[in-house]
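Enquirer: The file below is run-v1.txt, compact mmCIF, C-alpha atoms:
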# COMPACT_ATOMS: atom_id res chain seq x y z
CA MET A 262 -18.95 23.48 -29.66
CA LYS A 263 -15.38 23.74 -30.75
CA ARG A 264 -13.29 20.59 -30.71
CA TRP A 265 -10.57 22.08 -28.53
CA PHE A 266 -13.16 22.94 -25.94
CA ILE A 267 -14.46 19.36 -25.86
CA VAL A 268 -10.93 18.01 -25.52
CA ALA A 269 -10.09 20.53 -22.79
CA ALA A 270 -13.31 19.79 -20.94
CA LEU A 271 -12.68 16.04 -21.08
CA ALA A 272 -9.09 16.53 -19.93
CA ALA A 273 -10.33 18.67 -17.04
CA ILE A 274 -12.84 16.00 -16.06
CA VAL A 275 -10.15 13.30 -16.18
CA ALA A 276 -7.80 15.44 -14.09
CA ALA A 277 -10.52 16.10 -11.52
CA LEU A 278 -11.64 12.52 -11.12
CA SER A 279 -9.92 10.15 -8.75
CA PRO A 280 -8.53 7.00 -10.39
CA SER A 281 -10.92 4.91 -8.31
CA LEU A 282 -13.71 6.14 -10.56
CA PHE A 283 -12.20 4.04 -13.31
CA ALA A 284 -12.22 0.92 -11.20
CA GLN A 285 -14.44 -1.91 -12.31
CA TRP A 286 -15.09 -2.89 -8.69
CA PRO A 287 -18.74 -2.04 -7.97
CA LEU A 288 -19.28 1.31 -6.27
CA TRP A 289 -22.07 1.69 -3.75
CA PRO A 290 -22.80 5.06 -2.17
CA ILE A 291 -21.93 5.45 1.52
CA PRO A 292 -24.84 6.77 3.62
CA GLY A 293 -24.25 9.93 5.61
CA VAL A 294 -21.47 11.47 3.55
CA PRO A 295 -21.72 15.24 4.14
CA LYS A 296 -22.24 17.12 0.87
CA GLY A 297 -21.44 20.69 -0.08
CA THR A 298 -23.74 22.96 -2.07
CA ASP A 299 -22.13 21.56 -5.24
CA GLY A 300 -23.24 18.04 -4.26
CA LYS A 301 -19.69 16.79 -3.78
CA PRO A 302 -18.49 15.23 -0.49
CA ASN A 303 -17.58 17.96 1.98
CA LEU A 304 -14.35 16.54 3.38
CA THR A 305 -13.85 19.40 5.86
CA ALA A 306 -17.22 18.80 7.55
CA PRO A 307 -17.02 17.72 11.22
CA ALA A 308 -16.12 14.09 11.95
CA PRO A 309 -19.14 11.83 12.41
CA ARG A 310 -19.88 10.44 15.86
CA THR A 311 -21.20 7.12 17.14
CA ALA A 312 -24.34 6.76 19.27
CA ASP A 313 -22.24 7.11 22.44
CA GLY A 314 -20.82 10.42 21.24
CA LYS A 315 -17.32 9.23 20.34
CA PRO A 316 -15.73 10.19 17.03
CA ASP A 317 -16.49 7.45 14.50
CA PHE A 318 -13.36 6.26 12.67
CA SER A 319 -15.26 3.66 10.63
CA GLY A 320 -14.65 3.72 6.90
CA ILE A 321 -12.12 3.17 4.14
CA TRP A 322 -8.91 5.15 4.44
CA MET A 323 -6.00 5.66 2.07
CA ARG A 324 -2.48 6.97 2.56
CA TYR A 325 -2.32 10.76 2.14
CA ASP A 326 0.91 11.39 0.27
CA ASP A 327 1.67 15.04 0.83
CA PRO A 328 -0.83 16.68 3.16
CA GLU A 329 1.63 19.37 4.30
CA PRO A 330 3.56 20.67 1.27
CA ASN A 331 4.79 23.64 3.33
CA GLY A 332 6.43 21.42 5.94
CA THR A 333 5.62 20.13 9.40
CA PRO A 334 3.53 22.52 11.52
CA PRO A 335 5.39 23.72 14.65
CA GLY A 336 5.19 21.29 17.54
CA ARG A 337 4.00 18.33 15.46
CA PRO A 338 6.05 15.15 14.91
CA PRO A 339 7.45 14.72 11.38
CA LEU A 340 5.52 12.83 8.72
CA VAL A 341 6.82 9.50 7.43
CA LYS A 342 7.67 9.94 3.74
CA GLY A 343 8.91 7.68 0.97
CA GLY A 344 8.69 4.61 3.20
CA ASN A 345 11.31 6.11 5.54
CA ALA A 346 10.34 6.61 9.20
CA GLY A 347 13.42 8.70 9.95
CA VAL A 348 13.27 11.10 7.02
CA GLY A 349 11.97 13.98 9.18
CA PHE A 350 14.78 13.80 11.75
CA LYS A 351 18.04 15.63 11.09
CA ASP A 352 20.12 12.64 12.26
CA GLY A 353 17.66 9.91 11.29
CA LEU A 354 16.31 7.39 13.80
CA PRO A 355 18.22 6.85 17.09
CA PHE A 356 19.37 3.30 16.30
CA GLN A 357 21.32 1.07 18.68
CA PRO A 358 24.55 0.05 16.87
CA TRP A 359 23.35 -3.45 15.87
CA ALA A 360 20.05 -1.99 14.62
CA ALA A 361 21.89 0.57 12.52
CA ASP A 362 23.95 -2.26 10.96
CA LEU A 363 20.86 -4.33 10.20
CA GLN A 364 19.01 -1.36 8.71
CA LYS A 365 21.96 -0.57 6.41
CA LYS A 366 22.15 -4.17 5.28
CA ARG A 367 18.42 -4.38 4.58
CA ALA A 368 18.45 -1.12 2.63
CA ALA A 369 21.49 -2.21 0.60
CA GLU A 370 19.63 -5.39 -0.42
CA GLY A 371 16.84 -3.27 -1.90
CA GLY A 372 14.20 -4.76 0.37
CA LEU A 373 14.98 -8.42 -0.42
CA ASN A 374 13.40 -9.53 2.88
CA ASP A 375 10.78 -6.80 3.27
CA PRO A 376 7.64 -8.61 4.52
CA ASP A 377 5.63 -6.74 1.89
CA GLY A 378 7.52 -8.56 -0.85
CA LEU A 379 7.44 -11.89 0.99
CA CYS A 380 3.62 -11.75 1.32
CA LEU A 381 4.00 -11.72 5.11
CA PRO A 382 2.29 -9.34 7.56
CA GLN A 383 3.91 -5.93 7.37
CA GLY A 384 5.11 -3.95 10.36
CA PRO A 385 2.46 -1.77 12.01
CA LEU A 386 3.88 1.44 10.55
CA GLN A 387 4.39 -0.16 7.12
CA TYR A 388 0.67 -0.96 7.04
CA HIS A 389 -0.22 2.67 7.81
CA ILE A 390 1.90 3.92 4.88
CA ASP A 391 0.94 1.27 2.34
CA PRO A 392 -0.64 2.60 -0.85
CA GLN A 393 -3.41 -0.01 -0.59
CA PRO A 394 -6.38 1.14 1.52
CA LEU A 395 -7.37 0.05 5.01
CA LYS A 396 -10.78 -0.32 6.62
CA ILE A 397 -11.69 0.60 10.19
CA VAL A 398 -14.71 -1.10 11.78
CA GLN A 399 -15.53 0.62 15.05
CA MET A 400 -17.65 -1.04 17.72
CA PRO A 401 -17.99 -0.01 21.38
CA ARG A 402 -15.96 -2.91 22.82
CA GLN A 403 -13.48 -3.49 20.02
CA ILE A 404 -12.20 -1.91 16.83
CA PHE A 405 -10.96 -3.83 13.81
CA ILE A 406 -8.43 -2.51 11.33
CA ILE A 407 -8.31 -4.51 8.10
CA TYR A 408 -5.46 -3.77 5.72
CA GLU A 409 -5.99 -4.70 2.08
CA SER A 410 -2.28 -5.27 1.65
CA ASN A 411 -1.39 -8.84 2.62
CA TYR A 412 -4.72 -9.05 4.51
CA GLY A 413 -3.40 -7.55 7.71
CA PHE A 414 -5.89 -7.69 10.57
CA ARG A 415 -5.68 -5.98 13.94
CA THR A 416 -8.09 -6.10 16.87
CA ILE A 417 -8.03 -3.19 19.32
CA TYR A 418 -9.75 -4.16 22.57
CA MET A 419 -11.77 -1.28 24.04
CA ASP A 420 -13.22 -3.18 27.02
CA GLY A 421 -10.81 -2.01 29.70
CA ARG A 422 -8.52 -5.03 29.71
CA PRO A 423 -4.82 -4.33 30.33
CA LEU A 424 -1.97 -5.18 27.99
CA PRO A 425 -0.64 -8.69 28.68
CA PRO A 426 2.76 -8.75 30.42
CA GLN A 427 5.62 -8.33 27.99
CA GLY A 428 6.83 -11.74 26.80
CA GLU A 429 3.97 -13.70 28.33
CA PRO A 430 1.90 -14.54 25.24
CA GLN A 431 3.65 -15.74 22.12
CA PRO A 432 4.68 -12.74 20.05
CA TYR A 433 2.10 -11.72 17.44
CA TRP A 434 2.87 -10.40 13.96
CA HIS A 435 0.25 -7.71 14.54
CA GLY A 436 0.97 -7.28 18.27
CA TYR A 437 -1.64 -7.16 21.04
CA SER A 438 -3.57 -3.87 21.15
CA ILE A 439 -5.81 -2.13 23.67
CA GLY A 440 -7.49 1.25 23.21
CA ARG A 441 -8.96 4.04 25.31
CA TRP A 442 -10.37 7.51 24.74
CA GLU A 443 -8.63 10.71 25.73
CA GLY A 444 -11.28 13.25 24.76
CA ASP A 445 -11.73 12.80 21.00
CA THR A 446 -8.38 11.02 20.60
CA LEU A 447 -8.28 7.23 20.37
CA VAL A 448 -5.11 6.09 22.15
CA VAL A 449 -3.98 2.59 21.20
CA GLU A 450 -1.18 0.81 23.05
CA SER A 451 0.36 -2.39 21.72
CA ASN A 452 3.05 -4.85 22.78
CA ASN A 453 4.20 -8.44 22.25
CA PHE A 454 5.11 -7.91 18.61
CA HIS A 455 7.00 -10.56 16.69
CA GLY A 456 10.32 -8.73 16.29
CA VAL A 457 14.00 -9.25 15.58
CA ASP A 458 16.02 -10.95 18.31
CA PRO A 459 19.23 -8.89 18.50
CA SER A 460 21.10 -11.76 20.14
CA GLN A 461 20.69 -13.67 16.86
CA PHE A 462 21.95 -10.83 14.65
CA HIS A 463 25.62 -11.22 13.83
CA GLY A 464 25.98 -9.07 10.75
CA VAL A 465 23.52 -11.06 8.63
CA GLU A 466 19.73 -11.34 8.73
CA PRO A 467 19.11 -14.10 11.28
CA ASP A 468 17.71 -17.36 9.91
CA GLY A 469 14.05 -17.63 10.76
CA PHE A 470 13.64 -13.86 10.95
CA HIS A 471 13.16 -13.05 7.28
CA GLY A 472 10.46 -10.41 6.98
CA VAL A 473 10.28 -9.91 10.75
CA GLY A 474 10.60 -6.57 12.55
CA TRP A 475 10.39 -4.09 9.68
CA LEU A 476 9.21 -0.71 10.89
CA ASP A 477 9.49 0.92 7.46
CA HIS A 478 10.60 0.03 3.92
CA ARG A 479 14.17 1.11 4.76
CA GLY A 480 14.35 -1.90 7.06
CA SER A 481 14.49 -0.01 10.38
CA PRO A 482 14.10 -2.90 12.83
CA TYR A 483 12.06 -3.46 15.96
CA THR A 484 12.32 -6.17 18.59
CA GLU A 485 9.82 -8.07 20.74
CA ALA A 486 10.40 -5.40 23.39
CA MET A 487 8.66 -2.72 21.31
CA LYS A 488 5.87 -0.83 23.06
CA LEU A 489 3.86 1.06 20.49
CA THR A 490 1.50 3.96 21.19
CA GLU A 491 -0.72 5.26 18.41
CA ARG A 492 -2.89 8.35 18.82
CA PHE A 493 -5.69 8.43 16.22
CA ARG A 494 -7.52 11.70 15.59
CA ARG A 495 -10.26 12.20 13.00
CA VAL A 496 -9.48 15.82 12.20
CA ASN A 497 -12.62 16.24 10.12
CA TYR A 498 -14.75 14.08 7.85
CA GLY A 499 -11.94 13.55 5.36
CA GLU A 500 -8.71 13.31 7.35
CA LEU A 501 -7.22 10.90 9.85
CA ASP A 502 -4.07 11.85 11.77
CA ILE A 503 -2.02 9.11 13.48
CA GLU A 504 0.85 9.83 15.87
CA PHE A 505 3.04 6.77 16.14
CA THR A 506 5.42 6.45 19.13
CA VAL A 507 8.01 3.67 19.22
CA ASP A 508 9.52 2.76 22.59
CA ASP A 509 11.97 -0.09 22.00
CA ALA A 510 15.13 0.26 24.10
CA LYS A 511 16.69 -2.83 22.51
CA ALA A 512 16.67 -1.28 19.03
CA TYR A 513 16.62 2.49 19.75
CA THR A 514 18.46 4.68 22.27
CA ARG A 515 15.28 6.68 23.02
CA PRO A 516 11.58 6.68 22.13
CA PHE A 517 10.57 8.68 19.07
CA THR A 518 7.31 9.81 17.48
CA VAL A 519 6.42 10.11 13.80
CA ARG A 520 3.15 10.85 12.06
CA VAL A 521 1.03 9.43 9.26
CA SER A 522 -1.92 11.09 7.53
CA GLN A 523 -4.77 9.22 5.85
CA HIS A 524 -7.64 10.52 3.74
CA VAL A 525 -11.10 9.03 3.63
CA VAL A 526 -12.32 7.17 0.53
CA ALA A 527 -15.87 8.47 0.13
CA ASP A 528 -16.76 7.41 -3.41
CA GLY A 529 -18.26 4.09 -2.34
CA SER A 530 -15.33 1.89 -3.34
CA GLU A 531 -14.23 -0.90 -1.05
CA LEU A 532 -11.24 -3.03 -0.17
CA ILE A 533 -10.56 -5.60 -2.89
CA GLU A 534 -9.36 -9.09 -2.04
CA PHE A 535 -5.61 -9.56 -2.28
CA ILE A 536 -4.38 -13.15 -2.23
CA CYS A 537 -0.67 -12.51 -2.13
CA HIS A 538 0.68 -16.04 -2.59
CA GLU A 539 -1.28 -16.76 -5.75
CA ASN A 540 1.57 -16.19 -8.21
CA GLN A 541 4.65 -15.27 -6.17
CA MET A 542 7.33 -14.55 -8.79
CA PHE A 543 9.35 -12.37 -6.39
CA LEU A 544 11.12 -15.32 -4.79
CA LYS A 545 11.87 -16.90 -8.16
CA LEU A 546 13.33 -13.70 -9.62
CA THR A 547 15.52 -13.20 -6.57
CA GLY A 548 16.91 -16.74 -6.81
CA ARG A 549 14.94 -18.27 -3.98
CA ASP A 550 12.40 -21.01 -3.48
CA ASN A 551 9.10 -20.47 -5.26
CA SER A 552 7.05 -23.00 -3.38
CA GLY A 553 6.85 -22.04 0.23
CA GLY A 554 8.85 -19.03 1.27
CA PRO A 555 12.41 -17.88 1.57
CA PRO A 556 15.24 -20.29 2.39
CA ARG A 557 15.43 -21.13 6.07
CA MET B 288 -32.03 9.56 -10.20
CA THR B 289 -31.70 6.56 -7.89
CA LYS B 290 -28.41 5.91 -6.17
CA SER B 291 -27.72 2.73 -8.10
CA ARG B 292 -28.49 4.51 -11.38
CA GLY B 293 -26.02 7.21 -10.36
CA VAL B 294 -23.35 4.56 -9.93
CA TYR B 295 -24.23 3.09 -13.30
CA MET B 296 -24.00 6.49 -14.98
CA LYS B 297 -20.65 7.06 -13.31
CA ALA B 298 -19.41 3.71 -14.60
CA LYS B 299 -20.64 4.59 -18.09
CA LEU B 300 -18.87 7.94 -17.94
CA ALA B 301 -15.70 6.19 -16.81
CA ALA B 302 -15.97 3.73 -19.70
CA LEU B 303 -16.47 6.62 -22.13
CA LEU B 304 -13.44 8.46 -20.84
CA VAL B 305 -11.26 5.37 -20.95
CA GLY B 306 -12.55 4.73 -24.43
CA THR B 307 -11.31 8.10 -25.62
CA GLY B 308 -7.79 6.88 -25.05
CA LEU B 309 -6.93 9.80 -22.84
CA LEU B 310 -3.86 9.46 -20.69
CA LEU B 311 -4.75 8.26 -17.24
CA ALA B 312 -3.25 10.04 -14.29
CA ALA B 313 -0.25 8.14 -12.95
CA ARG B 314 -0.46 7.69 -9.22
CA PRO B 315 1.48 5.40 -6.93
CA LEU B 316 -1.46 3.15 -6.22
CA VAL B 317 0.64 0.06 -5.71
CA ALA B 318 4.09 -0.19 -4.27
CA HIS B 319 3.85 -3.86 -3.57
CA HIS B 320 7.09 -5.73 -3.45
CA ALA B 321 10.65 -4.62 -3.29
CA PHE B 322 11.27 -3.34 -6.81
CA ALA B 323 14.98 -2.74 -6.22
CA ALA B 324 15.61 -6.35 -5.19
CA GLU B 325 14.19 -7.67 -8.46
CA PHE B 326 14.61 -5.01 -11.13
CA ASP B 327 17.19 -2.43 -12.19
CA ALA B 328 15.79 1.06 -12.81
CA ASP B 329 19.05 1.85 -14.66
CA LYS B 330 18.32 -0.83 -17.28
CA PRO B 331 15.30 0.53 -19.13
CA ILE B 332 14.08 -1.44 -22.13
CA THR B 333 11.32 -0.93 -24.67
CA LEU B 334 9.81 -4.09 -26.14
CA THR B 335 7.22 -4.61 -28.86
CA GLY B 336 5.50 -7.88 -29.57
CA ALA B 337 2.33 -9.94 -29.59
CA VAL B 338 0.85 -11.06 -26.28
CA THR B 339 1.20 -14.83 -25.75
CA LYS B 340 -0.02 -15.24 -22.16
CA ILE B 341 -1.78 -13.13 -19.52
CA GLN B 342 -1.81 -13.97 -15.81
CA TRP B 343 -4.31 -11.68 -14.04
CA THR B 344 -2.98 -12.76 -10.65
CA ASN B 345 -1.89 -11.51 -7.23
CA PRO B 346 0.40 -10.17 -6.04
CA HIS B 347 1.28 -8.97 -9.54
CA ALA B 348 -0.28 -9.45 -12.94
CA TRP B 349 2.15 -10.83 -15.55
CA PHE B 350 1.93 -10.98 -19.30
CA TYR B 351 4.24 -12.47 -21.89
CA ILE B 352 5.08 -11.25 -25.39
CA ASP B 353 7.03 -12.64 -28.34
CA VAL B 354 9.69 -10.13 -29.37
CA LYS B 355 11.43 -10.50 -32.74
CA ASP B 356 14.95 -9.08 -33.09
CA GLU B 357 16.63 -7.80 -36.28
CA THR B 358 17.80 -11.32 -37.20
CA GLY B 359 14.26 -12.65 -36.95
CA THR B 360 14.89 -14.58 -33.73
CA VAL B 361 11.83 -14.64 -31.47
CA THR B 362 12.26 -14.37 -27.69
CA ASN B 363 9.47 -14.64 -25.18
CA TRP B 364 9.58 -11.93 -22.47
CA GLY B 365 7.71 -11.87 -19.14
CA LEU B 366 6.46 -8.49 -17.94
CA GLU B 367 5.36 -7.72 -14.40
CA MET B 368 2.66 -5.16 -13.71
CA GLY B 369 0.98 -4.05 -10.47
CA SER B 370 -1.62 -6.07 -8.58
CA PRO B 371 -5.03 -6.58 -10.18
CA ASN B 372 -6.36 -4.18 -7.50
CA GLY B 373 -3.92 -1.45 -8.44
CA LEU B 374 -4.49 -2.02 -12.15
CA MET B 375 -8.26 -1.81 -11.75
CA ARG B 376 -7.88 1.44 -9.80
CA SER B 377 -5.68 2.74 -12.65
CA GLY B 378 -8.31 2.00 -15.27
CA TRP B 379 -7.36 -1.49 -16.39
CA THR B 380 -9.66 -4.43 -16.64
CA ARG B 381 -8.57 -8.00 -17.29
CA ASN B 382 -9.87 -7.47 -20.84
CA SER B 383 -7.80 -4.33 -21.53
CA MET B 384 -5.18 -6.47 -23.25
CA LYS B 385 -5.97 -9.49 -25.38
CA LEU B 386 -4.01 -12.54 -26.48
CA GLY B 387 -2.36 -11.91 -29.83
CA GLU B 388 -2.58 -8.14 -29.45
CA VAL B 389 0.58 -6.21 -30.31
CA VAL B 390 1.79 -3.99 -27.49
CA THR B 391 4.77 -1.77 -26.80
CA VAL B 392 6.06 -1.93 -23.24
CA GLU B 393 8.30 0.54 -21.41
CA ALA B 394 10.00 -1.48 -18.70
CA SER B 395 13.01 -2.04 -16.41
CA ARG B 396 14.98 -5.29 -16.79
CA ALA B 397 15.28 -7.96 -14.11
CA LYS B 398 18.56 -7.98 -12.21
CA ASN B 399 19.01 -11.72 -12.76
CA GLY B 400 19.50 -11.20 -16.51
CA SER B 401 16.47 -13.28 -17.49
CA ASN B 402 14.01 -12.14 -20.14
CA SER B 403 11.83 -10.57 -17.48
CA ALA B 404 11.09 -6.93 -16.78
CA ASN B 405 8.86 -4.62 -14.77
CA ALA B 406 6.42 -2.76 -17.01
CA LYS B 407 5.87 0.94 -16.38
CA ALA B 408 3.52 1.63 -19.28
CA VAL B 409 1.84 -0.39 -22.00
CA THR B 410 0.71 1.04 -25.34
CA LEU B 411 -1.90 -0.92 -27.27
CA LYS B 412 -1.04 -0.84 -30.98
CA SER B 413 -4.66 -1.26 -32.06
CA THR B 414 -5.88 1.93 -30.37
CA GLY B 415 -2.72 3.80 -29.43
CA GLN B 416 -3.97 3.85 -25.86
CA ARG B 417 -1.16 4.10 -23.31
CA LEU B 418 -1.89 2.64 -19.92
CA PHE B 419 0.24 2.91 -16.82
CA ALA B 420 1.02 -0.44 -15.33
CA ALA B 421 0.66 0.37 -11.61
CA SER B 422 4.35 -0.43 -11.40
CA SER B 423 6.00 -0.95 -8.05
CA GLN B 424 8.82 1.25 -9.35
CA GLN B 425 6.71 4.28 -8.51
CA PRO B 426 7.63 5.54 -5.01
Go ahead and render the structure in this file as structure tokens.

Expert:
Amino acid sequence: MKRWFIVAALAAIVAALSPSLFAQWPLWPIPGVPKGTDGKPNLTAPAPRTADGKPDFSGIWMRYDDPEPNGTPPGRPPLVKGGNAGVGFKDGLPFQPWAADLQKKRAAEGGLNDPDGLCLPQGPLQYHIDPQPLKIVQMPRQIFIIYESNYGFRTIYMDGRPLPPQGEPQPYWHGYSIGRWEGDTLVVESNNFHGVDPSQFHGVEPDGFHGVGWLDHRGSPYTEAMKLTERFRRVNYGELDIEFTVDDAKAYTRPFTVRVSQHVVADGSELIEFICHENQMFLKLTGRDNSGGPPR
Amino acid sequence: MTKSRGVYMKAKLAALLVGTGLLLAARPLVAHHAFAAEFDADKPITLTGAVTKIQWTNPHAWFYIDVKDETGTVTNWGLEMGSPNGLMRSGWTRNSMKLGEVVTVEASRAKNGSNSANAKAVTLKSTGQRLFAASSQQP
């Protein structure tokens, strides 16, 4: 065999393999992955279903960077791209004036107080667009979403309980979430998020709110008044489509909907532990405390 | 072939391919942390030196190298890479780089002017292998 052919063949193999194949984390095959005639996972096979006939969202999912290179299909909300929730809208997001000011300030600082960098829980949309994977564990009465990044953890109650009244429980970083089925779509509603208090924003990031209320990596804010509706659809075995509707009249002049796409991780790799505060140099390099968080 | 043997073979194949020193595909596997708050993409720097310390830690791995300038003065530089998770998914292991090994690093300098930088790629002098550093500079 000629040398060029060996080199070309190896290069082709490398190009075809996902980087996760190189990982040293142990791989263990997932049972029930549909296979094509070539033995590879058939990602366009129908979505699996649970014993009660519902689509099964369980599995490891990873951000899908460019699922629609030809643009948004007609009638669908725009995709979030480049960490920017408003990129698909001609005029950006419909900010209230104070929220527009805060977003500009956060973006100008290069993400100095982005919760991702501060090792704090990210905003619910930030988690969906993070390049670290997430894991969905689906059970009949509740669904867990575990985010590798910063160990985010959400519980979606599927037992018929209502959302608690707005402002009644203490606000949660991950909000309070309930879910229901509309056909094959899982509809998740959430409220009581820990968000920015606009009455405390006077042109600078309020003390005590560092890392709080970041919808995206551009610093688009949300408040405790945010009502979030997520519509999860498992399009097929390999793809998860999430419509994400923000209704927060304190920060935005009208509700808006964006979309995130995820692809399944079917090679048997798993989430890997991520202990964010182990060696936090970010605060040191940005001139802040290195022992317990940003200055208060 | 049993399932576990299949995994083993896959791991062996991966090791073989890494061993060939082929360029690994660069993908934005880790965007952790606000790159722009810490580092300046307009201040690229290339540094060569021997590795003096390796911290295989979250949220970012760091390594340190002694860099000698034209006058013979030695300066110790700290280089940030991605998280251990991102590095593993990009083909690194914690043994990919060894203490004392001479490496060349393509990086972006810290905004605070210290001898710190964010590594984009690391080339091992011993093998010529160039590894991407799962940098948070990638979008």

Enquirer: For B:Arg381, which residue among B:Gln416, B:Thr339, B:Asp327, B:Phe350 is the nearest when counting only C-alpha atoms?

Expert: B:Phe350

Enquirer: Between atom CA of A:Pro302 and atom CA of A:Trp442, what is the distance in Å, rounded to a tenth?

Expert: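 Between these atoms lies a distance of 27.6 Å.
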
Enquirer: When you look at B:Asp353 with a cut-off of 7 Å (counting all atoms listed in the file), what residues show up, excluding the ones that are within fewer than 4 positions of it in the same chain? I need them as a list of chain:residue names.

Expert: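 With the cut-off at 7 Å, the set is B:Gly336, B:Ala337, B:Val338, B:Thr339, B:Val361, B:Thr362, B:Asn363, B:Trp364.
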
Enquirer: Nearest residue to A:Glu329 out of A:Ile407, A:Ser522, A:Ala308, A:Lys511, using all atoms listed in the file?

Expert: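 That would be A:Ser522, the residue with the smallest distance to A:Glu329.
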
Enquirer: Would you pick out the contacts of stretch 338-353 of chain A at 6 Å or less, using all atoms listed in the file, so that residues sharing its chain but fewer than 6 positions from it are not included, and give the list as a VMD selection string?

Expert: chain A and resid 477 to 479 519 to 521

Enquirer: Those same residues - C-alpha atoms - I'd like them written as a CSV table (one decimal), keeping the file's coordinate frame.

Expert:
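As written to disk, again_31.csv reads:
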chain,number,residue,atom,x,y,z
A,477,ASP,CA,9.5,0.9,7.5
A,478,HIS,CA,10.6,0.0,3.9
A,479,ARG,CA,14.2,1.1,4.8
A,519,VAL,CA,6.4,10.1,13.8
A,520,ARG,CA,3.2,10.8,12.1
A,521,VAL,CA,1.0,9.4,9.3

Enquirer: Since the input is missing atoms, can you rebuild N, CA and C atoms for stretch 399-411 of chain A and write them as a JSON list (two decimals), in the coordinates of the input?

Expert:
[["chain", "number", "residue", "atom", "x", "y", "z"],
["A", 399, "GLN", "N", -15.52, 0.19, 13.65],
["A", 399, "GLN", "CA", -15.53, 0.62, 15.05],
["A", 399, "GLN", "C", -16.78, 0.13, 15.76],
["A", 400, "MET", "N", -16.55, -0.59, 16.86],
["A", 400, "MET", "CA", -17.65, -1.04, 17.72],
["A", 400, "MET", "C", -17.31, -0.60, 19.14],
["A", 401, "PRO", "N", -18.29, -0.54, 20.04],
["A", 401, "PRO", "CA", -17.99, -0.01, 21.38],
["A", 401, "PRO", "C", -16.90, -0.79, 22.13],
["A", 402, "ARG", "N", -16.88, -2.12, 22.00],
["A", 402, "ARG", "CA", -15.96, -2.91, 22.82],
["A", 402, "ARG", "C", -14.70, -3.33, 22.08],
["A", 403, "GLN", "N", -14.70, -3.21, 20.77],
["A", 403, "GLN", "CA", -13.48, -3.49, 20.02],
["A", 403, "GLN", "C", -13.53, -2.80, 18.66],
["A", 404, "ILE", "N", -12.34, -2.56, 18.14],
["A", 404, "ILE", "CA", -12.20, -1.91, 16.83],
["A", 404, "ILE", "C", -11.33, -2.81, 15.98],
["A", 405, "PHE", "N", -11.77, -3.05, 14.75],
["A", 405, "PHE", "CA", -10.96, -3.83, 13.81],
["A", 405, "PHE", "C", -10.29, -2.88, 12.82],
["A", 406, "ILE", "N", -9.05, -3.17, 12.48],
["A", 406, "ILE", "CA", -8.43, -2.51, 11.33],
["A", 406, "ILE", "C", -8.05, -3.61, 10.35],
["A", 407, "ILE", "N", -8.59, -3.52, 9.15],
["A", 407, "ILE", "CA", -8.31, -4.51, 8.10],
["A", 407, "ILE", "C", -7.49, -3.81, 7.03],
["A", 408, "TYR", "N", -6.32, -4.35, 6.75],
["A", 408, "TYR", "CA", -5.46, -3.77, 5.72],
["A", 408, "TYR", "C", -5.58, -4.60, 4.46],
["A", 409, "GLU", "N", -5.87, -3.94, 3.33],
["A", 409, "GLU", "CA", -5.99, -4.70, 2.08],
["A", 409, "GLU", "C", -4.68, -5.41, 1.75],
["A", 410, "SER", "N", -3.58, -4.69, 1.96],
["A", 410, "SER", "CA", -2.28, -5.27, 1.65],
["A", 410, "SER", "C", -1.99, -6.47, 2.53],
["A", 411, "ASN", "N", -1.76, -7.61, 1.91],
["A", 411, "ASN", "CA", -1.39, -8.84, 2.62],
["A", 411, "ASN", "C", -2.41, -9.25, 3.69]]
